[in-house]
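Source file: entry_31.cif. Holds: mmCIF, C-alpha atoms and all ligand atoms.
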```
data_data
#
loop_
_atom_site.label_atom_id
_atom_site.label_comp_id
_atom_site.auth_asym_id
_atom_site.auth_seq_id
_atom_site.Cartn_x
_atom_site.Cartn_y
_atom_site.Cartn_z
CA MET A 706 -24.21 2.27 -53.46
CA VAL A 707 -26.16 1.35 -50.34
CA LEU A 708 -23.02 -0.13 -48.83
CA CYS A 709 -21.06 3.05 -49.56
CA ALA A 710 -23.73 5.16 -47.87
CA LEU A 711 -23.75 2.79 -44.92
CA ASN A 712 -19.99 2.97 -44.69
CA ARG A 713 -20.06 6.76 -44.81
CA GLN A 714 -22.72 6.77 -42.10
CA LEU A 715 -20.73 4.35 -39.95
CA LEU A 716 -17.56 6.38 -40.41
CA ARG A 717 -19.36 9.60 -39.49
CA ARG A 718 -20.86 7.97 -36.41
CA SER A 719 -17.62 6.31 -35.43
CA SER A 720 -15.65 9.50 -35.92
CA SER A 721 -17.98 11.44 -33.61
CA SER A 722 -17.99 8.76 -30.88
CA CYS A 723 -14.23 8.41 -31.33
CA CYS A 724 -13.91 12.15 -30.59
CA VAL A 725 -15.95 11.64 -27.41
CA PHE A 726 -13.70 8.72 -26.43
CA MET A 727 -10.56 10.77 -27.16
CA ALA A 728 -11.93 13.64 -25.09
CA ARG A 729 -12.45 11.22 -22.22
CA LEU A 730 -8.91 9.96 -22.62
CA GLN A 731 -7.38 13.44 -22.43
CA THR A 732 -5.88 14.03 -19.03
CA SER A 733 -7.03 17.28 -17.56
CA SER A 734 -7.32 18.84 -14.16
CA ARG A 735 -11.10 18.96 -14.54
CA ARG A 736 -13.10 16.32 -12.69
CA ARG A 737 -14.20 13.68 -15.22
CA ARG A 738 -17.83 13.32 -16.16
CA CYS A 739 -19.36 10.51 -14.14
CA LEU A 740 -20.52 7.31 -15.86
CA TYR A 741 -24.00 7.91 -14.37
CA SER A 742 -26.13 11.03 -14.09
CA SER A 743 -29.54 12.23 -12.94
CA THR A 744 -31.12 10.36 -15.85
CA HIS A 745 -30.09 7.20 -13.98
CA GLY A 746 -31.39 8.62 -10.70
CA PHE A 747 -27.81 9.27 -9.61
CA ASN A 748 -26.28 12.31 -7.98
CA GLN A 749 -22.57 11.82 -7.33
CA GLU A 750 -22.22 14.55 -4.70
CA GLU A 751 -25.25 13.34 -2.77
CA THR A 752 -23.90 9.74 -2.86
CA ARG A 753 -20.50 10.99 -1.66
CA GLN A 754 -22.19 12.58 1.38
CA LYS A 755 -24.11 9.38 2.14
CA LEU A 756 -20.99 7.21 1.87
CA ARG A 757 -19.03 9.53 4.16
CA ALA A 758 -21.49 8.58 6.92
CA PHE A 759 -19.67 5.20 7.08
CA PRO A 760 -16.13 6.16 8.06
CA GLY A 761 -12.99 4.12 8.73
CA GLY A 762 -9.71 3.38 6.99
CA SER A 763 -8.31 5.26 4.01
CA VAL A 764 -7.10 4.88 0.46
CA ASP A 765 -3.57 6.29 0.21
CA LEU A 766 -1.79 7.48 -2.91
CA LEU A 767 1.97 7.80 -3.31
CA LYS A 768 3.11 9.33 -6.60
CA GLN A 769 6.77 8.57 -7.20
CA ASP A 770 9.39 10.35 -9.35
CA SER A 771 9.73 7.14 -11.36
CA GLY A 772 6.24 7.81 -12.80
CA VAL A 773 4.84 4.78 -10.96
CA ALA A 774 2.30 5.46 -8.20
CA VAL A 775 1.26 3.13 -5.39
CA LEU A 776 -2.40 3.09 -4.30
CA THR A 777 -2.91 1.38 -0.93
CA ILE A 778 -6.27 0.14 0.39
CA ASN A 779 -5.75 0.73 4.07
CA ASN A 780 -8.14 -0.68 6.67
CA PRO A 781 -6.19 -3.58 8.21
CA ALA A 782 -8.49 -4.00 11.23
CA ARG A 783 -11.16 -5.15 8.72
CA MET A 784 -8.88 -6.94 6.27
CA ASN A 785 -8.91 -3.75 4.14
CA ALA A 786 -12.69 -3.84 3.63
CA PHE A 787 -14.05 -0.70 1.95
CA SER A 788 -15.88 1.61 4.33
CA GLY A 789 -18.09 4.29 2.72
CA SER A 790 -15.45 7.00 3.24
CA MET A 791 -12.84 4.76 1.57
CA MET A 792 -15.06 4.54 -1.53
CA VAL A 793 -15.07 8.35 -1.63
CA ASP A 794 -11.30 8.35 -1.03
CA LEU A 795 -10.81 5.95 -3.92
CA GLU A 796 -12.80 8.12 -6.32
CA GLU A 797 -10.79 11.19 -5.25
CA LYS A 798 -7.48 9.38 -5.75
CA VAL A 799 -8.61 8.26 -9.22
CA SER A 800 -9.36 11.94 -10.00
CA GLN A 801 -5.83 12.87 -8.87
CA LEU A 802 -4.35 10.15 -11.08
CA GLU A 803 -6.42 11.34 -14.05
CA SER A 804 -4.62 14.66 -13.91
CA TRP A 805 -1.14 13.23 -13.25
CA THR A 806 0.58 14.22 -16.48
CA GLU A 807 3.89 12.58 -15.49
CA GLY A 808 2.37 9.19 -14.65
CA LYS A 809 3.16 5.93 -16.45
CA GLY A 810 2.28 3.12 -14.05
CA LEU A 811 0.25 2.20 -10.99
CA VAL A 812 0.47 -0.56 -8.38
CA VAL A 813 -2.76 -1.20 -6.43
CA ARG A 814 -2.28 -3.14 -3.21
CA GLY A 815 -3.67 -3.64 0.29
CA ALA A 816 -2.04 -2.67 3.57
CA ALA A 817 -0.59 -5.26 5.95
CA GLU A 818 -0.04 -7.98 3.37
CA THR A 819 -3.64 -8.65 2.43
CA PHE A 820 -5.44 -7.16 -0.57
CA CYS A 821 -9.06 -6.31 0.27
CA SER A 822 -12.07 -8.18 1.69
CA GLY A 823 -14.65 -6.23 -0.34
CA SER A 824 -17.31 -3.91 1.04
CA ASP A 825 -17.33 -3.32 4.77
CA LEU A 826 -20.16 -5.66 5.75
CA ASN A 827 -21.22 -3.29 8.55
CA ALA A 828 -21.82 -0.57 5.95
CA VAL A 829 -23.50 -3.08 3.60
CA ARG A 830 -25.97 -4.03 6.36
CA ALA A 831 -26.68 -0.35 7.11
CA ILE A 832 -27.29 0.58 3.45
CA SER A 833 -29.19 -2.51 2.44
CA SER A 834 -32.10 -0.58 0.87
CA PRO A 835 -32.20 -1.27 -2.90
CA GLN A 836 -32.01 2.47 -3.73
CA ASP A 837 -28.92 3.09 -1.62
CA GLY A 838 -27.34 -0.16 -2.81
CA MET A 839 -27.83 1.05 -6.41
CA LYS A 840 -26.21 4.39 -5.63
CA MET A 841 -23.18 2.72 -4.04
CA CYS A 842 -23.00 0.39 -7.05
CA MET A 843 -23.07 3.28 -9.56
CA PHE A 844 -20.50 5.23 -7.54
CA MET A 845 -18.07 2.28 -7.45
CA GLN A 846 -18.67 1.32 -11.09
CA ASP A 847 -17.73 4.85 -12.05
CA ALA A 848 -14.61 4.92 -9.84
CA LEU A 849 -13.37 1.51 -11.02
CA THR A 850 -14.15 2.15 -14.71
CA ARG A 851 -12.14 5.36 -14.50
CA LEU A 852 -9.35 3.49 -12.66
CA LEU A 853 -9.07 1.00 -15.54
CA ARG A 854 -9.24 3.83 -18.10
CA LEU A 855 -6.32 5.77 -16.60
CA PRO A 856 -3.57 6.32 -19.17
CA LEU A 857 -1.28 4.34 -16.83
CA VAL A 858 -0.29 0.68 -16.98
CA SER A 859 -1.75 -0.72 -13.77
CA VAL A 860 -1.16 -3.89 -11.79
CA ALA A 861 -2.99 -5.31 -8.78
CA LEU A 862 -0.51 -6.74 -6.29
CA VAL A 863 -2.54 -9.48 -4.61
CA GLU A 864 -1.27 -10.63 -1.23
CA GLY A 865 -3.50 -12.52 1.20
CA ARG A 866 -7.12 -12.32 0.14
CA ALA A 867 -9.04 -10.43 -2.53
CA LEU A 868 -12.69 -11.19 -1.74
CA GLY A 869 -15.99 -9.89 -3.13
CA GLY A 870 -15.47 -6.25 -4.07
CA GLY A 871 -11.72 -6.86 -3.50
CA ALA A 872 -11.76 -9.45 -6.30
CA GLU A 873 -13.66 -6.92 -8.44
CA LEU A 874 -11.00 -4.30 -7.73
CA THR A 875 -8.28 -6.59 -9.13
CA THR A 876 -10.16 -6.66 -12.45
CA ALA A 877 -10.02 -2.86 -12.66
CA CYS A 878 -6.25 -3.12 -13.23
CA ASP A 879 -4.53 -4.06 -16.49
CA PHE A 880 -2.59 -6.89 -14.81
CA ARG A 881 -2.73 -9.05 -11.66
CA LEU A 882 0.30 -10.42 -9.82
CA MET A 883 -0.35 -12.96 -7.09
CA ALA A 884 1.88 -13.60 -4.07
CA PRO A 885 2.34 -17.18 -2.82
CA GLY A 886 -0.64 -18.21 -0.69
CA SER A 887 -2.88 -15.45 -2.03
CA VAL A 888 -6.49 -16.03 -3.11
CA ILE A 889 -8.87 -14.14 -5.40
CA GLN A 890 -12.47 -15.18 -4.77
CA PHE A 891 -15.72 -13.76 -6.07
CA VAL A 892 -17.65 -14.75 -2.93
CA HIS A 893 -20.79 -12.83 -3.98
CA LYS A 894 -22.92 -15.91 -4.51
CA HIS A 895 -22.32 -16.97 -0.91
CA ILE A 896 -23.86 -13.71 0.30
CA GLY A 897 -26.77 -13.81 -2.13
CA LEU A 898 -25.27 -11.27 -4.53
CA VAL A 899 -23.53 -10.89 -7.86
CA PRO A 900 -20.72 -8.43 -8.52
CA GLY A 901 -22.01 -4.87 -8.84
CA TRP A 902 -18.82 -2.85 -9.20
CA GLY A 903 -18.35 -3.89 -12.85
CA GLY A 904 -16.35 -6.97 -11.80
CA ALA A 905 -18.41 -9.48 -13.81
CA ALA A 906 -18.24 -7.48 -17.05
CA ARG A 907 -14.48 -7.05 -16.68
CA LEU A 908 -13.91 -10.67 -15.61
CA VAL A 909 -15.59 -11.96 -18.79
CA ARG A 910 -13.19 -9.83 -20.85
CA ILE A 911 -10.18 -11.13 -18.91
CA VAL A 912 -10.88 -14.88 -18.66
CA GLY A 913 -13.73 -15.42 -21.17
CA SER A 914 -17.36 -16.18 -20.39
CA GLN A 915 -16.85 -19.92 -19.67
CA ASN A 916 -14.22 -19.31 -17.03
CA ALA A 917 -16.10 -16.29 -15.63
CA LEU A 918 -19.22 -18.41 -15.19
CA LYS A 919 -17.19 -21.04 -13.36
CA LEU A 920 -15.46 -18.52 -11.09
CA LEU A 921 -18.66 -16.62 -10.23
CA GLY A 922 -21.07 -19.56 -10.25
CA GLY A 923 -18.80 -21.70 -8.09
CA ALA A 924 -17.39 -18.82 -5.96
CA VAL A 925 -14.08 -20.56 -6.73
CA LYS A 926 -10.99 -19.86 -4.63
CA VAL A 927 -8.41 -18.83 -7.22
CA ASP A 928 -4.89 -19.50 -5.97
CA PRO A 929 -1.82 -18.40 -7.98
CA GLU A 930 -1.60 -21.66 -9.92
CA ARG A 931 -5.27 -21.55 -10.92
CA GLY A 932 -4.95 -17.82 -11.57
CA LEU A 933 -2.24 -18.45 -14.17
CA ASP A 934 -4.20 -21.36 -15.59
CA VAL A 935 -7.40 -19.36 -16.26
CA GLY A 936 -5.56 -16.18 -17.24
CA LEU A 937 -6.66 -14.14 -14.24
CA ALA A 938 -3.07 -13.85 -12.94
CA ASP A 939 -0.30 -12.48 -15.12
CA GLY A 940 2.49 -13.59 -12.83
CA VAL A 941 3.31 -15.15 -9.47
CA LEU A 942 5.72 -13.44 -7.11
CA GLU A 943 8.42 -15.10 -5.07
CA ALA A 944 7.82 -15.41 -1.33
CA ASP A 945 8.88 -12.21 0.47
CA GLY A 946 12.56 -12.53 1.38
CA ASP A 947 12.90 -16.03 -0.16
CA ALA A 948 15.66 -14.99 -2.47
CA PRO A 949 17.60 -11.94 -1.22
CA SER A 950 17.56 -10.58 -4.77
CA ALA A 951 13.75 -10.83 -5.00
CA GLY A 952 12.95 -8.01 -2.55
CA THR A 953 9.55 -7.28 -1.04
CA HIS A 954 6.40 -8.08 -2.99
CA LEU A 955 6.00 -4.36 -3.71
CA GLN A 956 9.55 -4.15 -5.10
CA GLN A 957 8.92 -7.28 -7.17
CA ALA A 958 5.69 -5.79 -8.55
CA GLU A 959 7.43 -2.51 -9.43
CA ASP A 960 10.27 -4.44 -11.12
CA TRP A 961 7.76 -6.53 -13.07
CA LEU A 962 5.88 -3.41 -14.18
CA ARG A 963 9.06 -1.59 -15.27
CA ARG A 964 9.28 -3.49 -18.58
CA TYR A 965 5.98 -1.83 -19.56
CA THR A 966 6.59 1.62 -18.11
CA GLU A 967 10.17 2.16 -19.27
CA GLY A 968 10.23 4.95 -21.86
CA PRO A 969 8.90 8.44 -22.43
CA VAL A 970 5.61 9.35 -20.72
CA PRO A 971 3.71 10.28 -23.94
CA VAL A 972 4.63 6.95 -25.55
CA ILE A 973 3.65 4.81 -22.56
CA GLN A 974 0.38 6.71 -22.19
CA ALA A 975 -0.27 6.33 -25.93
CA VAL A 976 0.27 2.54 -25.70
CA LYS A 977 -2.33 2.32 -22.93
CA LYS A 978 -4.78 4.51 -24.87
CA VAL A 979 -4.70 2.41 -28.06
CA VAL A 980 -5.08 -0.83 -26.10
CA LEU A 981 -7.96 0.65 -24.12
CA ALA A 982 -9.67 1.73 -27.35
CA GLY A 983 -9.23 -1.79 -28.75
CA ARG A 984 -10.64 -3.25 -25.56
CA GLU A 985 -13.68 -0.98 -25.26
CA LEU A 986 -14.69 0.17 -28.74
CA PRO A 987 -16.10 -1.44 -31.87
CA LEU A 988 -13.39 -1.92 -34.52
CA LEU A 989 -14.11 1.18 -36.65
CA GLU A 990 -14.07 3.43 -33.60
CA ALA A 991 -10.97 1.77 -32.19
CA LEU A 992 -9.19 2.36 -35.51
CA GLN A 993 -10.20 6.02 -35.47
CA THR A 994 -8.91 6.41 -31.93
CA GLU A 995 -5.68 4.63 -32.82
CA LYS A 996 -5.22 7.11 -35.68
CA GLU A 997 -5.78 10.07 -33.34
CA VAL A 998 -3.34 8.71 -30.76
CA PHE A 999 -0.81 7.85 -33.49
CA GLY A 1000 -0.99 11.51 -34.52
CA THR A 1001 0.13 12.58 -31.06
CA VAL A 1002 3.36 10.51 -31.14
CA TRP A 1003 4.29 10.71 -34.86
CA GLY A 1004 7.04 13.31 -35.26
CA ALA A 1005 7.03 14.02 -31.53
CA PRO A 1006 10.37 14.34 -29.66
CA ALA A 1007 10.67 10.64 -28.68
CA ASN A 1008 9.99 9.57 -32.27
CA LEU A 1009 12.49 12.08 -33.74
CA ARG A 1010 15.17 11.11 -31.19
CA ALA A 1011 14.75 7.42 -32.01
CA LEU A 1012 14.91 8.10 -35.77
CA ALA A 1013 18.06 10.23 -35.35
CA SER A 1014 19.79 7.51 -33.31
CA LYS A 1015 19.16 4.93 -36.11
CA SER A 1016 18.33 2.36 -33.44
CA LYS A 1017 18.32 -1.33 -34.39
CA HIS A 1018 16.03 -3.92 -32.80
CA LYS A 1019 18.22 -7.03 -32.72
C1 LIG B 1 -21.65 -5.31 -2.45
C2 LIG B 1 -21.08 -6.41 -1.73
C3 LIG B 1 -19.83 -7.07 -2.26
C4 LIG B 1 -19.17 -6.17 -3.24
O1 LIG B 1 -18.87 -5.05 -2.89
O2 LIG B 1 -18.95 -6.59 -4.39
C5 LIG B 1 -18.86 -7.36 -1.14
O3 LIG B 1 -17.69 -7.16 -1.24
S1 LIG B 1 -19.53 -7.97 0.26
C6 LIG B 1 -18.10 -8.41 1.26
C7 LIG B 1 -17.45 -9.67 0.79
N1 LIG B 1 -16.45 -10.07 1.73
C8 LIG B 1 -16.68 -10.95 2.71
O4 LIG B 1 -17.75 -11.50 2.83
C9 LIG B 1 -15.51 -11.20 3.64
C10 LIG B 1 -15.99 -11.62 5.03
N2 LIG B 1 -14.86 -11.90 5.87
C11 LIG B 1 -14.23 -13.09 5.90
O5 LIG B 1 -14.59 -14.01 5.19
C12 LIG B 1 -13.07 -13.22 6.84
O6 LIG B 1 -13.11 -12.16 7.76
C13 LIG B 1 -11.71 -13.19 6.11
C14 LIG B 1 -11.53 -11.98 5.22
C15 LIG B 1 -11.59 -14.48 5.26
C16 LIG B 1 -10.55 -13.18 7.13
O7 LIG B 1 -10.74 -14.24 8.04
P1 LIG B 1 -9.75 -14.34 9.29
O8 LIG B 1 -8.35 -14.34 8.83
O9 LIG B 1 -10.23 -15.51 10.10
O10 LIG B 1 -9.94 -12.97 10.09
P2 LIG B 1 -11.26 -12.42 10.78
O11 LIG B 1 -12.49 -13.03 10.20
O12 LIG B 1 -11.08 -12.49 12.25
O13 LIG B 1 -11.23 -10.90 10.28
C17 LIG B 1 -10.48 -9.92 10.94
C18 LIG B 1 -11.40 -8.76 11.18
O14 LIG B 1 -11.75 -8.21 9.91
C19 LIG B 1 -13.18 -8.10 9.85
N3 LIG B 1 -13.60 -8.17 8.46
C20 LIG B 1 -13.11 -8.98 7.50
N4 LIG B 1 -13.75 -8.75 6.35
C21 LIG B 1 -14.66 -7.79 6.57
C22 LIG B 1 -15.61 -7.13 5.77
N5 LIG B 1 -15.76 -7.39 4.45
N6 LIG B 1 -16.38 -6.19 6.33
C23 LIG B 1 -16.25 -5.87 7.64
N7 LIG B 1 -15.35 -6.48 8.46
C24 LIG B 1 -14.58 -7.42 7.93
C25 LIG B 1 -13.67 -9.25 10.68
O15 LIG B 1 -15.03 -9.04 11.04
C26 LIG B 1 -12.73 -9.19 11.85
O16 LIG B 1 -13.12 -8.11 12.68
P3 LIG B 1 -13.25 -8.35 14.26
O17 LIG B 1 -14.25 -9.42 14.44
O18 LIG B 1 -13.69 -7.02 14.78
O19 LIG B 1 -11.87 -8.74 14.71
#
```
Any chance you could give the structure as structure tokens?
Ligand SMILES: CC[C@@H](C(=O)O)C(=O)SCCNC(=O)CCNC(=O)[C@H](O)C(C)(C)COP(=O)(O)OP(=O)(O)OC[C@H]1O[C@@H](n2cnc3c(N)ncnc32)[C@H](O)[C@@H]1OP(=O)(O)O
Amino acid sequence: MVLCALNRQLLRRSSSSCCVFMARLQTSSRRRRCLYSSTHGFNQEETRQKLRAFPGGSVDLLKQDSGVAVLTINNPARMNAFSGSMMVDLEEKVSQLESWTEGKGLVVRGAAETFCSGSDLNAVRAISSPQDGMKMCMFMQDALTRLLRLPLVSVALVEGRALGGGAELTTACDFRLMAPGSVIQFVHKHIGLVPGWGGAARLVRIVGSQNALKLLGGAVKVDPERGLDVGLADGVLEADGDAPSAGTHLQQAEDWLRRYTEGPVPVIQAVKKVVLAGRELPLLEALQTEKEVFGTVWGAPANLRALASKSKHK
């Protein structure tokens, strides 16, 4: 009796939070609600203005007809470190991707064959007050959480170095591909910090708490071999131009991603949504979300076409 009541209560609660999760998953042209609000002492617009005071570089978005977009962190003079204006750029590009109804995949990479060396240390020195540091942290946590929650299958193409916030950025993608000679390193400890852009929370989910503790506690240089070993890397690319068939690292990353993005947009987006629900929600809520998403593809054109073609899966 008590158990039944508890179950009913849990189901009611899970169904209402599942609706909230589903609403967040819906792509719309509206700007998404930020992870933080005034109750956390955060004002997104005010933080945007403050960050814009530290200009330099850009974050560039190329949406392609294939349904795969390329997001480039572009500040090569500073090894693609994030200036304040680039943080704002990133959040704006994430907003654009949230309303990209034709999108299926995303490659995140750095310009000039290196990934990203984290926050621009000049900006970090200038905004070293705890309050401003917190605001930057909340702004980037929001942008990177929304990046990972996009209904697109995303991959970080790591060439050169991914340091500090750059290492955190790789964890905001579904997959990581490492080029020969590349390094992912959570260098935070060496500068008296811990990750603040959500990188630690995501790292634990990717490699487990034992490995995360080793990587953060030892500020370990993760090369491709170690990346594969601990489960941080999902693949290693061939050296650019090594085999004529291999193509550039970007082409290799797009080819690698294709196996997950081939197919109708609603189906690919649905796959990402159910995995995301499983990753982020307690089981009952994840099941509810899976049911809702299932309802959007059941009997839909791609499903009916496949049934009519009597396809076999040999
Ligand atoms: C909140 C903080 C945390 C976070 O957000 O999570 C961070 O990310 S803090 C930043 C962490 N990153 C670093 O500490 C990287 C520091 N840089 C380096 O270790 C080296 O520069 C390098 C990335 C290993 C490259 O070394 P090298 O190949 O020898 O080149 P240079 O050192 O000459 O660098 C070229 C040029 O780029 C500038 N640079 C590099 N990284 C940054 C950075 N993060 N911020 C600002 N500027 C950066 C470097 O100063 C050089 O500039 P010039 O001296 O003007 O040529």
**Message:** Using only C-alpha atoms, list the residues that have an atom at most 6 Å from (-7.8, -7.7, 0.6), coordinates as in the file, as a list in words.
**Reply:**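 Every residue inside that radius is included here: Met784, Asn785, Gly815, Thr819, Phe820, Cys821, Ser822, Arg866, Ala867 and Gly871 of chain A.
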**All residues 10 Å or closer to Ala1005 of chain A, only C-alpha atoms, same chain fewer than 5 positions away omitted, as a ChimeraX atom specification** = /A:971-972,1000,1010
With C-alpha atoms kept, could you save the residues just selected as an mmCIF file, in the frame of the given file?
```cif
data_model
loop_
_atom_site.group_PDB
_atom_site.id
_atom_site.type_symbol
_atom_site.label_atom_id
_atom_site.label_comp_id
_atom_site.auth_asym_id
_atom_site.auth_seq_id
_atom_site.Cartn_x
_atom_site.Cartn_y
_atom_site.Cartn_z
ATOM 1 C CA PRO A 971 3.710 10.280 -23.940
ATOM 2 C CA VAL A 972 4.630 6.950 -25.550
ATOM 3 C CA GLY A 1000 -0.990 11.510 -34.520
ATOM 4 C CA ARG A 1010 15.170 11.110 -31.190
#
```
**Request:** Set the cut-off to 10 Å, count all atoms listed in the file, and list whatever residues fall near ligand LIG 1 (chain B) as JSON, numbers by chain.
**Result:** {"A": [780, 781, 782, 783, 784, 785, 786, 787, 788, 819, 820, 821, 822, 823, 824, 825, 826, 827, 828, 829, 830, 833, 838, 839, 841, 842, 845, 865, 866, 867, 868, 869, 870, 871, 872, 873, 874, 888, 890, 891, 892, 893, 894, 895, 896, 897, 898, 899, 900, 901, 902, 903, 904, 905]}
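Atom CA of Asp847 of chain A sits 21.5 Å away from atom CA of Leu862 of chain A.
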**Message:** So that I can check the surroundings of Gln836 of chain A, please list as a VMD selection string every protein, DNA and RNA residue that reaches within 12 Å of it, counting only C-alpha atoms and ignoring chain neighbours fewer than 6 positions away.
**Reply:** chain A and resid 745 to 747 752 842 to 843
**Message:** Report, in Å with one decimal, the straight-line distance from atom CA of Ser743 of chain A to atom CA of Leu981 of chain A.
**Reply:**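 Rounded to one decimal, the two atoms are 26.9 Å apart.
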**Asked** Which residue out of A:Ser771, A:Ala917, A:Arg910, A:Leu937 has the minimum interatomic distance to Gly983 of chain A when all atoms listed in the file are used?
**Response** A:Arg910
**Asked** If you count all atoms listed in the file, which residues fall within 8 Å of Asn779 of chain A, apart from same-chain ones fewer than 3 positions away, as a PyMOL selection string?
**Response** chain A and resi 762-765+785+815-816
**Asked** When you draw a straight line from atom CA of Lys798 of chain A to atom CA of Leu766 of chain A, how long is it in Å?
**Response**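 About the pair atom CA of Lys798 of chain A and atom CA of Leu766 of chain A: they are 6.6 Å apart.
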**Contact residues around Trp961 of chain A with all atoms listed in the file at 12 Å, ignoring same-chain residues under 2 positions, as a PyMOL selection string** = chain A and resi 773+810-812+858-862+880-883+939-943+951-952+954-959+963-967
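Closest to Val979 of chain A among A:Arg854, A:Lys926, A:Ile889, A:Ala1007 is A:Arg854, based on all atoms listed in the file.
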